[in-house]
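K.L.:
You'll find start-v4.txt just under this line, and it carries compact mmCIF, C-alpha atoms.
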# COMPACT_ATOMS: atom_id res chain seq x y z
CA MET X 6 10.91 35.72 -93.26
CA VAL X 7 12.02 35.93 -89.63
CA ASP X 8 12.76 39.49 -88.46
CA SER X 9 16.56 39.91 -88.06
CA ALA X 10 16.22 41.59 -84.66
CA ILE X 11 14.17 38.69 -83.35
CA PHE X 12 16.68 36.22 -84.78
CA LYS X 13 19.63 38.03 -83.16
CA GLY X 14 17.74 38.23 -79.89
CA MET X 15 17.33 34.46 -79.82
CA TRP X 16 21.07 34.05 -79.29
CA LEU X 17 20.69 35.88 -75.97
CA LEU X 18 18.22 33.25 -74.67
CA PRO X 19 19.18 30.11 -72.74
CA ALA X 20 19.90 27.20 -75.06
CA GLY X 21 16.77 25.19 -74.15
CA VAL X 22 14.46 28.14 -74.77
CA MET X 23 16.23 28.97 -78.04
CA LEU X 24 15.81 25.43 -79.37
CA ALA X 25 12.14 25.38 -78.39
CA GLY X 26 11.63 28.63 -80.27
CA MET X 27 13.35 27.25 -83.35
CA GLY X 28 11.02 24.24 -83.15
CA LEU X 29 8.01 26.55 -83.23
CA PHE X 30 9.27 28.18 -86.42
CA GLN X 31 9.89 24.79 -87.97
CA GLY X 32 6.44 23.49 -86.90
CA SER X 33 4.75 26.45 -88.58
CA GLN X 34 5.75 24.98 -91.95
CA ALA X 35 3.69 21.79 -91.42
CA ALA X 36 1.19 21.13 -94.20
CA ILE X 37 -2.39 19.83 -94.11
CA ILE X 38 -2.59 17.15 -96.79
CA PRO X 39 -6.00 15.85 -97.95
CA VAL X 40 -6.00 12.10 -98.66
CA SER X 41 -8.62 10.15 -100.63
CA PRO X 42 -9.22 6.38 -100.95
CA ASN X 43 -7.75 6.60 -104.45
CA ASP X 44 -4.37 7.49 -102.96
CA SER X 45 -1.85 5.00 -101.61
CA LEU X 46 -1.90 5.83 -97.93
CA GLN X 47 1.57 4.37 -97.39
CA GLN X 48 2.97 6.45 -100.24
CA VAL X 49 1.40 9.61 -98.83
CA ILE X 50 2.97 8.85 -95.44
CA THR X 51 6.35 8.23 -97.04
CA GLN X 52 6.26 11.52 -98.95
CA ALA X 53 4.96 13.64 -96.06
CA ALA X 54 7.26 15.87 -94.01
CA PRO X 55 7.57 15.51 -90.24
CA GLY X 56 4.71 17.33 -88.54
CA ASP X 57 2.33 17.19 -91.50
CA VAL X 58 -1.38 16.54 -90.96
CA LEU X 59 -2.83 13.83 -93.22
CA ARG X 60 -6.58 14.40 -93.37
CA LEU X 61 -8.46 11.37 -94.71
CA VAL X 62 -11.87 11.79 -96.35
CA PRO X 63 -14.54 9.08 -95.91
CA GLY X 64 -13.85 5.77 -97.60
CA GLU X 65 -11.73 2.63 -97.25
CA TYR X 66 -7.93 2.68 -97.28
CA GLU X 67 -5.46 -0.19 -97.57
CA GLY X 68 -3.86 -0.96 -94.24
CA ASN X 69 -0.63 -2.42 -92.97
CA VAL X 70 0.93 1.02 -93.07
CA VAL X 71 4.06 2.09 -91.18
CA ILE X 72 4.41 5.58 -89.70
CA ASP X 73 8.09 6.37 -89.20
CA LYS X 74 7.99 10.12 -88.65
CA PRO X 75 5.95 12.53 -86.47
CA LEU X 76 2.59 12.93 -88.25
CA VAL X 77 -1.08 13.50 -87.54
CA LEU X 78 -3.31 10.92 -89.21
CA GLU X 79 -6.96 11.88 -88.82
CA GLY X 80 -10.36 11.28 -90.35
CA PRO X 81 -13.83 12.83 -90.09
CA ALA X 82 -15.46 13.06 -86.68
CA ASP X 83 -17.87 10.24 -87.59
CA ARG X 84 -14.89 7.90 -88.12
CA SER X 85 -15.97 7.12 -91.67
CA ALA X 86 -12.40 6.90 -92.95
CA ILE X 87 -11.64 3.18 -92.62
CA ILE X 88 -8.14 1.71 -92.63
CA LYS X 89 -8.51 -2.00 -93.32
CA GLY X 90 -5.63 -4.40 -92.80
CA GLU X 91 -4.69 -7.52 -94.72
CA ARG X 92 -5.80 -9.93 -91.96
CA LYS X 93 -2.12 -10.42 -91.33
CA GLY X 94 0.24 -8.32 -89.24
CA ARG X 95 -0.48 -4.79 -87.95
CA THR X 96 -2.99 -2.49 -89.60
CA ILE X 97 -1.09 0.62 -88.39
CA TRP X 98 2.46 0.32 -87.07
CA VAL X 99 3.78 3.44 -85.35
CA GLN X 100 7.58 3.65 -85.14
CA SER X 101 8.09 7.38 -84.49
CA PRO X 102 7.56 9.67 -81.50
CA ASP X 103 4.85 12.34 -81.46
CA VAL X 104 2.38 10.59 -83.76
CA VAL X 105 -1.35 11.34 -83.50
CA ILE X 106 -4.03 8.93 -84.79
CA ARG X 107 -7.49 10.44 -84.50
CA SER X 108 -11.10 9.81 -85.61
CA LEU X 109 -10.45 6.77 -87.79
CA THR X 110 -11.86 3.26 -88.01
CA VAL X 111 -9.02 0.73 -87.83
CA THR X 112 -9.86 -2.89 -88.57
CA HIS X 113 -8.87 -6.31 -89.87
CA SER X 114 -5.43 -6.89 -88.35
CA GLY X 115 -3.87 -10.33 -88.29
CA LEU X 116 -5.01 -12.72 -85.56
CA SER X 117 -1.66 -14.05 -84.35
CA LEU X 118 -0.96 -13.44 -80.66
CA PRO X 119 2.69 -14.67 -80.87
CA ASP X 120 3.35 -12.22 -83.72
CA MET X 121 1.79 -9.35 -81.72
CA ASP X 122 -0.71 -8.52 -84.45
CA ALA X 123 -2.77 -5.44 -83.65
CA GLY X 124 -5.03 -2.80 -85.08
CA ILE X 125 -2.64 -0.08 -83.87
CA PHE X 126 0.85 -1.09 -82.74
CA LEU X 127 2.92 1.47 -80.84
CA ASP X 128 6.56 0.43 -81.00
CA LYS X 129 9.17 1.29 -78.38
CA THR X 130 10.10 4.42 -80.31
CA ALA X 131 6.51 5.76 -80.34
CA THR X 132 7.03 8.07 -77.36
CA ASN X 133 4.21 10.57 -76.70
CA ALA X 134 1.84 8.84 -79.14
CA LEU X 135 -1.78 10.02 -78.98
CA ILE X 136 -4.48 7.56 -80.04
CA GLU X 137 -7.90 9.13 -79.61
CA ASN X 138 -11.52 9.05 -80.77
CA ASN X 139 -11.11 6.00 -83.00
CA ASP X 140 -13.16 2.87 -83.66
CA VAL X 141 -10.74 -0.05 -83.40
CA LEU X 142 -12.78 -3.04 -84.53
CA ASN X 143 -12.32 -6.72 -85.32
CA ASN X 144 -8.58 -6.96 -84.68
CA SER X 145 -6.47 -9.25 -82.53
CA VAL X 146 -5.13 -6.73 -79.99
CA GLY X 147 -6.88 -3.39 -80.45
CA VAL X 148 -4.01 -1.09 -79.38
CA TYR X 149 -0.64 -2.62 -78.49
CA VAL X 150 1.53 -0.27 -76.40
CA TRP X 151 4.87 -2.07 -76.66
CA GLY X 152 7.42 -0.09 -74.73
CA PRO X 153 6.91 3.60 -75.55
CA HIS X 154 6.96 6.15 -72.75
CA ASP X 155 4.06 8.52 -72.12
CA ALA X 156 1.61 7.23 -74.72
CA LEU X 157 -2.05 8.24 -74.34
CA VAL X 158 -4.89 6.04 -75.56
CA GLN X 159 -8.17 7.83 -74.92
CA ASN X 160 -11.84 7.94 -75.89
CA ASN X 161 -11.69 5.06 -78.35
CA ARG X 162 -14.25 2.30 -78.96
CA ILE X 163 -12.39 -0.99 -79.08
CA VAL X 164 -14.30 -4.14 -80.02
CA GLY X 165 -12.53 -7.47 -80.45
CA THR X 166 -13.17 -10.23 -82.93
CA THR X 167 -15.86 -12.88 -82.43
CA GLU X 168 -14.18 -15.20 -84.95
CA LEU X 169 -12.13 -16.75 -82.14
CA ARG X 170 -12.79 -18.20 -78.72
CA VAL X 171 -12.25 -15.79 -75.84
CA SER X 172 -8.94 -17.42 -74.83
CA GLU X 173 -7.61 -16.98 -78.40
CA ARG X 174 -8.56 -13.32 -78.77
CA GLY X 175 -6.29 -10.38 -78.16
CA ASN X 176 -6.82 -7.74 -75.49
CA GLY X 177 -8.49 -4.41 -76.05
CA VAL X 178 -5.26 -2.69 -74.99
CA THR X 179 -2.03 -4.54 -74.23
CA LEU X 180 0.63 -2.52 -72.45
CA TRP X 181 4.19 -3.69 -71.84
CA ASN X 182 6.99 -1.68 -70.21
CA ALA X 183 5.45 1.67 -71.09
CA PRO X 184 6.17 4.02 -68.15
CA GLY X 185 3.90 7.03 -67.87
CA SER X 186 1.40 5.77 -70.44
CA LYS X 187 -2.31 6.30 -69.83
CA ILE X 188 -5.44 4.44 -70.96
CA ILE X 189 -8.40 6.77 -70.38
CA GLY X 190 -12.08 6.92 -71.29
CA ASN X 191 -12.23 3.97 -73.69
CA ASP X 192 -15.14 1.57 -74.27
CA ILE X 193 -13.70 -1.94 -74.61
CA SER X 194 -15.63 -5.15 -75.29
CA LEU X 195 -15.51 -8.66 -76.78
CA GLY X 196 -11.78 -9.23 -76.41
CA ARG X 197 -9.88 -11.42 -74.00
CA ASP X 198 -8.99 -8.75 -71.39
CA GLY X 199 -9.93 -5.10 -71.54
CA VAL X 200 -6.52 -3.77 -70.50
CA PHE X 201 -3.63 -6.14 -69.89
CA SER X 202 -0.57 -4.51 -68.33
CA ASN X 203 2.70 -6.33 -67.78
CA THR X 204 6.04 -5.13 -66.40
CA SER X 205 5.37 -1.42 -66.33
CA THR X 206 5.21 1.50 -63.92
CA LYS X 207 3.56 4.87 -63.31
CA ASN X 208 0.54 4.17 -65.49
CA VAL X 209 -3.05 5.40 -65.25
CA PHE X 210 -6.08 3.35 -66.30
CA SER X 211 -9.07 5.57 -65.69
CA GLY X 212 -12.65 6.16 -66.82
CA ASN X 213 -12.87 3.11 -69.08
CA ARG X 214 -15.87 0.81 -69.59
CA PHE X 215 -15.28 -2.92 -69.92
CA SER X 216 -17.90 -5.49 -70.97
CA ASP X 217 -18.13 -9.09 -72.24
CA LEU X 218 -14.51 -9.91 -71.47
CA ARG X 219 -12.51 -12.34 -69.38
CA TYR X 220 -10.95 -9.64 -67.16
CA GLY X 221 -11.73 -5.93 -67.33
CA VAL X 222 -8.27 -4.94 -66.07
CA HIS X 223 -5.49 -7.52 -65.78
CA TYR X 224 -2.43 -6.25 -63.90
CA MET X 225 0.89 -8.10 -63.76
CA TYR X 226 4.08 -6.59 -62.32
CA THR X 227 2.82 -3.03 -62.80
CA ASN X 228 3.86 -0.82 -59.88
CA ASP X 229 3.17 2.73 -58.68
CA SER X 230 0.08 3.04 -60.86
CA GLU X 231 -3.61 3.93 -60.71
CA VAL X 232 -6.81 2.12 -61.64
CA SER X 233 -9.65 4.56 -61.08
CA GLY X 234 -13.20 5.41 -62.11
CA ASN X 235 -13.64 2.40 -64.41
CA ILE X 236 -16.83 0.39 -64.96
CA SER X 237 -16.81 -3.40 -65.44
CA VAL X 238 -20.01 -5.12 -66.61
CA ASP X 239 -20.63 -8.83 -67.33
CA ASN X 240 -16.99 -9.95 -67.19
CA ASP X 241 -15.52 -13.05 -65.55
CA ILE X 242 -13.41 -10.83 -63.28
CA GLY X 243 -13.71 -7.07 -63.07
CA TYR X 244 -10.22 -6.15 -61.86
CA ALA X 245 -7.44 -8.74 -61.50
CA ILE X 246 -4.54 -7.08 -59.65
CA MET X 247 -1.58 -9.46 -59.46
CA PHE X 248 2.08 -9.28 -58.43
CA SER X 249 2.05 -5.48 -58.20
CA GLU X 250 2.84 -2.90 -55.53
CA ARG X 251 1.92 0.61 -54.43
CA LEU X 252 -1.25 0.95 -56.47
CA LYS X 253 -4.29 3.15 -56.09
CA VAL X 254 -7.43 1.20 -56.98
CA LYS X 255 -10.22 3.66 -56.35
CA ASP X 256 -13.77 4.63 -57.32
CA ASN X 257 -14.25 1.70 -59.70
CA ILE X 258 -17.52 -0.15 -60.30
CA ALA X 259 -17.96 -3.84 -61.10
CA PHE X 260 -21.30 -5.61 -61.38
CA ASN X 261 -22.52 -8.94 -62.70
CA SER X 262 -19.02 -10.44 -62.55
CA ARG X 263 -19.21 -14.18 -63.11
CA ASP X 264 -16.33 -14.99 -60.73
CA GLN X 265 -14.79 -12.10 -58.81
CA ALA X 266 -15.39 -8.38 -58.96
CA LEU X 267 -11.89 -7.67 -57.59
CA MET X 268 -9.00 -10.08 -57.22
CA MET X 269 -5.90 -9.16 -55.22
CA ASN X 270 -3.19 -11.78 -55.72
CA TYR X 271 0.26 -10.93 -54.32
CA ALA X 272 -0.73 -7.26 -54.57
CA ASN X 273 0.96 -5.37 -51.75
CA GLY X 274 1.23 -1.92 -50.21
CA SER X 275 -1.74 -0.55 -52.14
CA GLU X 276 -4.82 1.55 -51.42
CA ILE X 277 -8.21 0.05 -52.35
CA SER X 278 -10.83 2.71 -51.73
CA GLY X 279 -14.23 3.97 -52.82
CA ASN X 280 -15.01 1.00 -55.07
CA THR X 281 -18.47 -0.54 -55.58
CA MET X 282 -18.59 -4.31 -56.21
CA VAL X 283 -22.04 -5.83 -56.74
CA ASN X 284 -23.39 -9.23 -57.73
CA ALA X 285 -20.52 -11.66 -58.15
CA GLU X 286 -19.50 -15.03 -56.82
CA LYS X 287 -16.95 -13.11 -54.73
CA CYS X 288 -16.95 -9.36 -54.36
CA VAL X 289 -13.26 -9.52 -53.43
CA TYR X 290 -10.76 -12.36 -53.41
CA PHE X 291 -7.60 -11.76 -51.37
CA TYR X 292 -4.77 -14.25 -51.82
CA ASN X 293 -1.50 -13.42 -50.07
CA ALA X 294 -2.11 -9.71 -50.57
CA ASN X 295 -0.40 -7.85 -47.74
CA ASN X 296 -0.12 -4.42 -46.12
CA ASN X 297 -2.95 -2.84 -48.10
CA ILE X 298 -5.49 -0.22 -47.05
CA ILE X 299 -9.04 -1.36 -47.88
CA LYS X 300 -11.29 1.55 -46.97
CA GLY X 301 -14.67 2.96 -47.91
CA ASN X 302 -15.70 0.27 -50.41
CA HIS X 303 -19.16 -1.18 -51.03
CA PHE X 304 -19.59 -4.97 -51.35
CA GLU X 305 -23.13 -6.12 -52.10
CA GLY X 306 -25.12 -9.12 -53.28
CA CYS X 307 -22.22 -11.56 -53.68
CA ASP X 308 -22.04 -15.19 -52.64
CA ILE X 309 -19.00 -14.13 -50.57
CA GLY X 310 -18.23 -10.54 -49.66
CA ILE X 311 -14.49 -11.06 -49.11
CA HIS X 312 -12.68 -14.36 -49.45
CA TYR X 313 -9.56 -13.83 -47.37
CA THR X 314 -6.91 -16.51 -47.70
CA GLY X 315 -3.33 -17.41 -48.61
CA ALA X 316 -1.81 -15.90 -45.45
CA ALA X 317 -2.93 -12.37 -46.30
CA GLN X 318 -1.83 -10.14 -43.46
CA GLY X 319 -1.07 -6.58 -42.43
CA ASN X 320 -4.14 -5.21 -44.23
CA LYS X 321 -6.07 -2.29 -42.72
CA ILE X 322 -9.78 -2.85 -43.39
CA SER X 323 -12.28 -0.22 -42.28
CA GLU X 324 -15.38 1.80 -43.20
CA ASN X 325 -16.47 -0.66 -45.87
CA ALA X 326 -20.10 -1.69 -46.34
CA PHE X 327 -21.00 -5.39 -46.54
CA ILE X 328 -24.58 -5.56 -47.79
CA GLY X 329 -26.64 -8.72 -48.24
CA ASN X 330 -23.84 -11.08 -49.15
CA GLN X 331 -24.66 -14.74 -48.60
CA ASN X 332 -21.43 -15.01 -46.61
CA GLN X 333 -20.03 -11.65 -45.62
CA VAL X 334 -16.53 -13.04 -45.12
CA LYS X 335 -14.86 -16.37 -45.77
CA TYR X 336 -11.70 -16.71 -43.71
CA VAL X 337 -10.23 -20.16 -43.19
CA GLY X 338 -7.62 -19.87 -40.47
CA THR X 339 -7.00 -19.89 -36.74
CA ARG X 340 -5.25 -16.51 -36.46
CA TYR X 341 -7.26 -13.54 -35.20
CA ASP X 342 -7.51 -10.66 -37.70
CA GLU X 343 -8.87 -7.32 -36.52
CA TRP X 344 -10.94 -5.41 -39.10
CA SER X 345 -11.12 -1.95 -37.59
CA VAL X 346 -8.72 0.98 -37.73
CA ASP X 347 -8.40 3.76 -35.17
CA GLY X 348 -11.60 2.71 -33.46
CA ARG X 349 -13.77 2.47 -36.59
CA GLY X 350 -14.78 -0.77 -38.23
CA ASN X 351 -17.14 -1.63 -41.07
CA TYR X 352 -20.87 -1.66 -41.73
CA TRP X 353 -22.49 -5.13 -41.77
CA SER X 354 -26.07 -5.45 -43.00
CA ASP X 355 -26.68 -8.55 -40.85
CA ASN X 356 -25.33 -7.06 -37.64
CA SER X 357 -28.28 -6.64 -35.28
CA ALA X 358 -26.31 -4.76 -32.64
CA PHE X 359 -27.29 -1.74 -30.54
CA ASP X 360 -25.66 1.67 -30.12
CA LEU X 361 -26.82 2.66 -26.65
CA ASP X 362 -24.28 5.44 -26.17
CA GLY X 363 -25.02 7.01 -29.58
CA ASP X 364 -21.42 7.19 -30.76
CA GLY X 365 -22.21 5.64 -34.15
CA LEU X 366 -20.50 2.36 -33.25
CA ALA X 367 -22.08 -0.94 -32.25
CA ASP X 368 -21.77 -1.81 -28.58
CA THR X 369 -20.54 -5.32 -29.35
CA ALA X 370 -17.95 -6.74 -31.73
CA TYR X 371 -18.98 -8.44 -34.97
CA ARG X 372 -17.65 -11.86 -35.97
CA PRO X 373 -18.66 -12.91 -39.48
CA ASN X 374 -17.64 -16.58 -39.04
CA ASP X 375 -18.02 -19.23 -36.34
CA VAL X 376 -16.92 -22.80 -35.63
CA ILE X 377 -19.57 -24.30 -37.91
CA ASP X 378 -18.45 -22.11 -40.84
CA GLN X 379 -14.90 -23.35 -40.37
CA VAL X 380 -16.05 -26.98 -40.30
CA ILE X 381 -18.15 -26.59 -43.46
CA TRP X 382 -15.34 -24.90 -45.41
CA ARG X 383 -12.90 -27.64 -44.44
CA ALA X 384 -15.38 -30.50 -44.96
CA PRO X 385 -18.21 -29.41 -47.31
CA VAL X 386 -20.10 -32.70 -46.83
CA SER X 387 -20.84 -31.58 -43.25
CA ARG X 388 -23.53 -29.27 -44.65
CA LEU X 389 -25.81 -32.27 -44.26
CA LEU X 390 -25.70 -31.68 -40.49
CA LEU X 391 -26.60 -27.98 -40.54
CA ASN X 392 -30.13 -28.58 -39.22
CA SER X 393 -29.10 -31.11 -36.61
CA PRO X 394 -29.54 -30.48 -32.86
CA ALA X 395 -25.79 -30.79 -32.34
CA VAL X 396 -25.07 -27.82 -34.62
CA SER X 397 -27.74 -25.77 -32.84
CA VAL X 398 -26.12 -26.53 -29.49
CA VAL X 399 -22.66 -25.51 -30.75
CA ARG X 400 -23.95 -22.21 -32.14
CA TRP X 401 -25.86 -21.47 -28.91
CA ALA X 402 -22.70 -22.16 -26.88
CA GLN X 403 -20.69 -19.77 -29.06
CA SER X 404 -23.23 -17.00 -28.54
CA GLN X 405 -23.08 -17.45 -24.78
CA PHE X 406 -19.35 -18.02 -24.44
CA PRO X 407 -17.45 -16.02 -27.14
CA ALA X 408 -14.12 -17.24 -25.75
CA ILE X 409 -14.69 -20.62 -27.41
CA LEU X 410 -14.84 -19.03 -30.87
CA PRO X 411 -11.97 -20.00 -33.16
CA GLY X 412 -9.51 -17.47 -34.52
CA GLY X 413 -10.72 -15.44 -37.46
CA VAL X 414 -11.98 -12.03 -38.49
CA ILE X 415 -13.28 -9.77 -35.74
CA ASP X 416 -14.58 -6.22 -36.13
CA SER X 417 -14.32 -4.66 -32.69
CA ALA X 418 -15.99 -1.35 -33.67
CA PRO X 419 -18.69 -1.94 -36.31
CA ILE X 420 -20.18 1.27 -37.66
CA MET X 421 -23.96 1.64 -37.51
CA LYS X 422 -24.59 3.76 -40.60
CA MET X 423 -23.87 2.54 -44.12
CA PRO X 424 -21.39 4.86 -45.87
CA GLU X 425 -22.24 5.96 -49.43
CA THR X 426 -19.46 6.48 -51.91
CA PRO X 427 -19.57 8.44 -55.20
CA SER X 428 -19.13 5.16 -57.09
CA LEU X 429 -22.20 3.69 -55.34
CA LYS X 430 -24.25 6.74 -56.28
CA LYS X 431 -23.07 6.39 -59.89
CA TYR X 432 -23.93 2.69 -59.87
CA LYS X 433 -27.47 3.44 -58.67
CA GLU X 434 -27.91 6.01 -61.44
CA MET X 435 -26.91 3.36 -63.98
CA GLN X 436 -29.64 0.94 -62.86
If you convert what's in this file into structure tokens, what do you get?
P.N.:
Amino acid sequence: MVDSAIFKGMWLLPAGVMLAGMGLFQGSQAAIIPVSPNDSLQQVITQAAPGDVLRLVPGEYEGNVVIDKPLVLEGPADRSAIIKGERKGRTIWVQSPDVVIRSLTVTHSGLSLPDMDAGIFLDKTATNALIENNDVLNNSVGVYVWGPHDALVQNNRIVGTTELRVSERGNGVTLWNAPGSKIIGNDISLGRDGVFSNTSTKNVFSGNRFSDLRYGVHYMYTNDSEVSGNISVDNDIGYAIMFSERLKVKDNIAFNSRDQALMMNYANGSEISGNTMVNAEKCVYFYNANNNIIKGNHFEGCDIGIHYTGAAQGNKISENAFIGNQNQVKYVGTRYDEWSVDGRGNYWSDNSAFDLDGDGLADTAYRPNDVIDQVIWRAPVSRLLLNSPAVSVVRWAQSQFPAILPGGVIDSAPIMKMPETPSLKKYKEMQ
């Protein structure tokens, strides 16, 4: 029983503090309810009181359950409590705020993308949901975050279904209009995209590992958000950032990407920093991405370091390392684009310049492309002439008379020492 003096004293507190205190007293009545596979999980959920903890013992439970009140649904640490769906619909459908789903295996949802089938479906009312330490296996979408604010999906293993072609599979995590929600520390594989975010804001996607997917992260119309510290391995595209603004894309790793490690398509006003992109057709593809800061990244071993096209402009590009790319830059255009900021440019592994005054900068500017590059990109059949005397004469003339060079990328202050980022160090430790 609550002491009468304490109870009377509560009336002297501000209203917000008083209500919070009353909530603490109410929360203290929550029960821990053991659940076995012999029980109807849906019936246990229906009979539970708000705030109760449903503790599942190992075994298999019938899925397609609906959680419509604040509850904790948790299994053993080894995730041996398995909630198996009906291969139709949503294995767990969360419709209440403040729900926790922890240490379970969730599997066998329906496979219909139009019906938004998912292993765990967080409805618009599932504010502050916490989904952590689960195995979410063989579903359409693993976790569908459909509109709730401030949901947290962390430290889960999410593996898609191999019953379907990649284009027919669901994403590891799909997020739509879920401001403040975070996807952190998950291992996601064998779906369509690792995380697909559409029409949202103020989200964080951090510390995840993506493998065997189409895109690791697929961003559409998601503003004022962060993509940081993720690892993409063996995906078509590591990070596809599209139609979004004011992002921080930092300290990510992508290697063995089949197409592009990083794609920036109509992505504007963002900071791209500290990333390591290795071994792809294109380390970075810029298409009409404007007014971004691209600083301190590492681009190595790609067919093209940066493909810069679609009238991209206003970008500040400096202190990046371009290492051993077959073409360091592909820029098809006649406009001059300066790639140095405040007197510091980028490091180029094929730049055989000198630093006679010892200021750490090359004594001559670096131009990654010349007239012949432009001709080949516009007319690929002209490659047949690469070893002809005429091409040799043109390239000699350019080296002697730089004024005849076409417009394009110029780095007026190349740096002489390759910068090392924390993400590069981490990548080396992984090899």
K.L.:
Pick out the closest residue to Ile415 (chain X) from this set: X:Val150, X:Val104, X:Val346, X:Ala86. Count only C-alpha atoms.
P.N.:
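Checking each candidate against Ile415 (chain X), we get X:Val346 as the closest.
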K.L.:
Can you tell me which residues surround Asn261 (chain X) at a distance of at most 10 Å, considering only C-alpha atoms, apart from same-chain residues fewer than 5 positions away, and format the answer as an MDAnalysis selection string?
P.N.:
chainID X and resid 237:243 266 282:286 306:307
K.L.:
If we count all atoms listed in the file, what is near Ala53 (chain X) at a cut-off of 12 Å, once residues fewer than 4 positions away on the same chain are taken out, given as a PyMOL selection string?
P.N.:
chain X and resi 35-40+46-49+57-60+72-78
K.L.:
Give me, please, the distance in Å between CA of Lys431 (chain X) and CA of Asn280 (chain X), quoted to one decimal.
P.N.:
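Computed distance, CA of Lys431 (chain X) to CA of Asn280 (chain X), equals 10.8 Å.
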K.L.:
Write out as a ChimeraX atom specification which residues come within 8 Å of region 173-186 of chain X when counting all atoms listed in the file, dropping same-chain ones fewer than 2 positions away.
P.N.:
/X:116,118,144-157,163-166,169-171,188,193-194,196-209
K.L.:
Between CA of Tyr432 (chain X) and CA of Val158 (chain X), what is the distance in Å, rounded to a tenth?
P.N.:
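Separation of CA of Tyr432 (chain X) and CA of Val158 (chain X): 24.9 Å.
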K.L.:
Compile the contact shell of Lys422 (chain X) as a list in words: residues with an atom at most 9 Å away, counting only C-alpha atoms, same-chain residues fewer than 2 positions apart removed.
P.N.:
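The residues satisfying every condition are Tyr352, Gly365, Leu366, Ile420 and Pro424 of chain X.
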K.L.:
X:Ile311, X:Ser417, X:Asn330, X:Val111: which is nearest Asp347 (chain X), counting all atoms listed in the file?
P.N.:
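So, comparing all the options, the nearest one is X:Ser417.
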K.L.:
Give me, please, the distance in Å between CA of Ser354 (chain X) and CA of Ala326 (chain X), quoted to one decimal.
P.N.:
7.8 Å
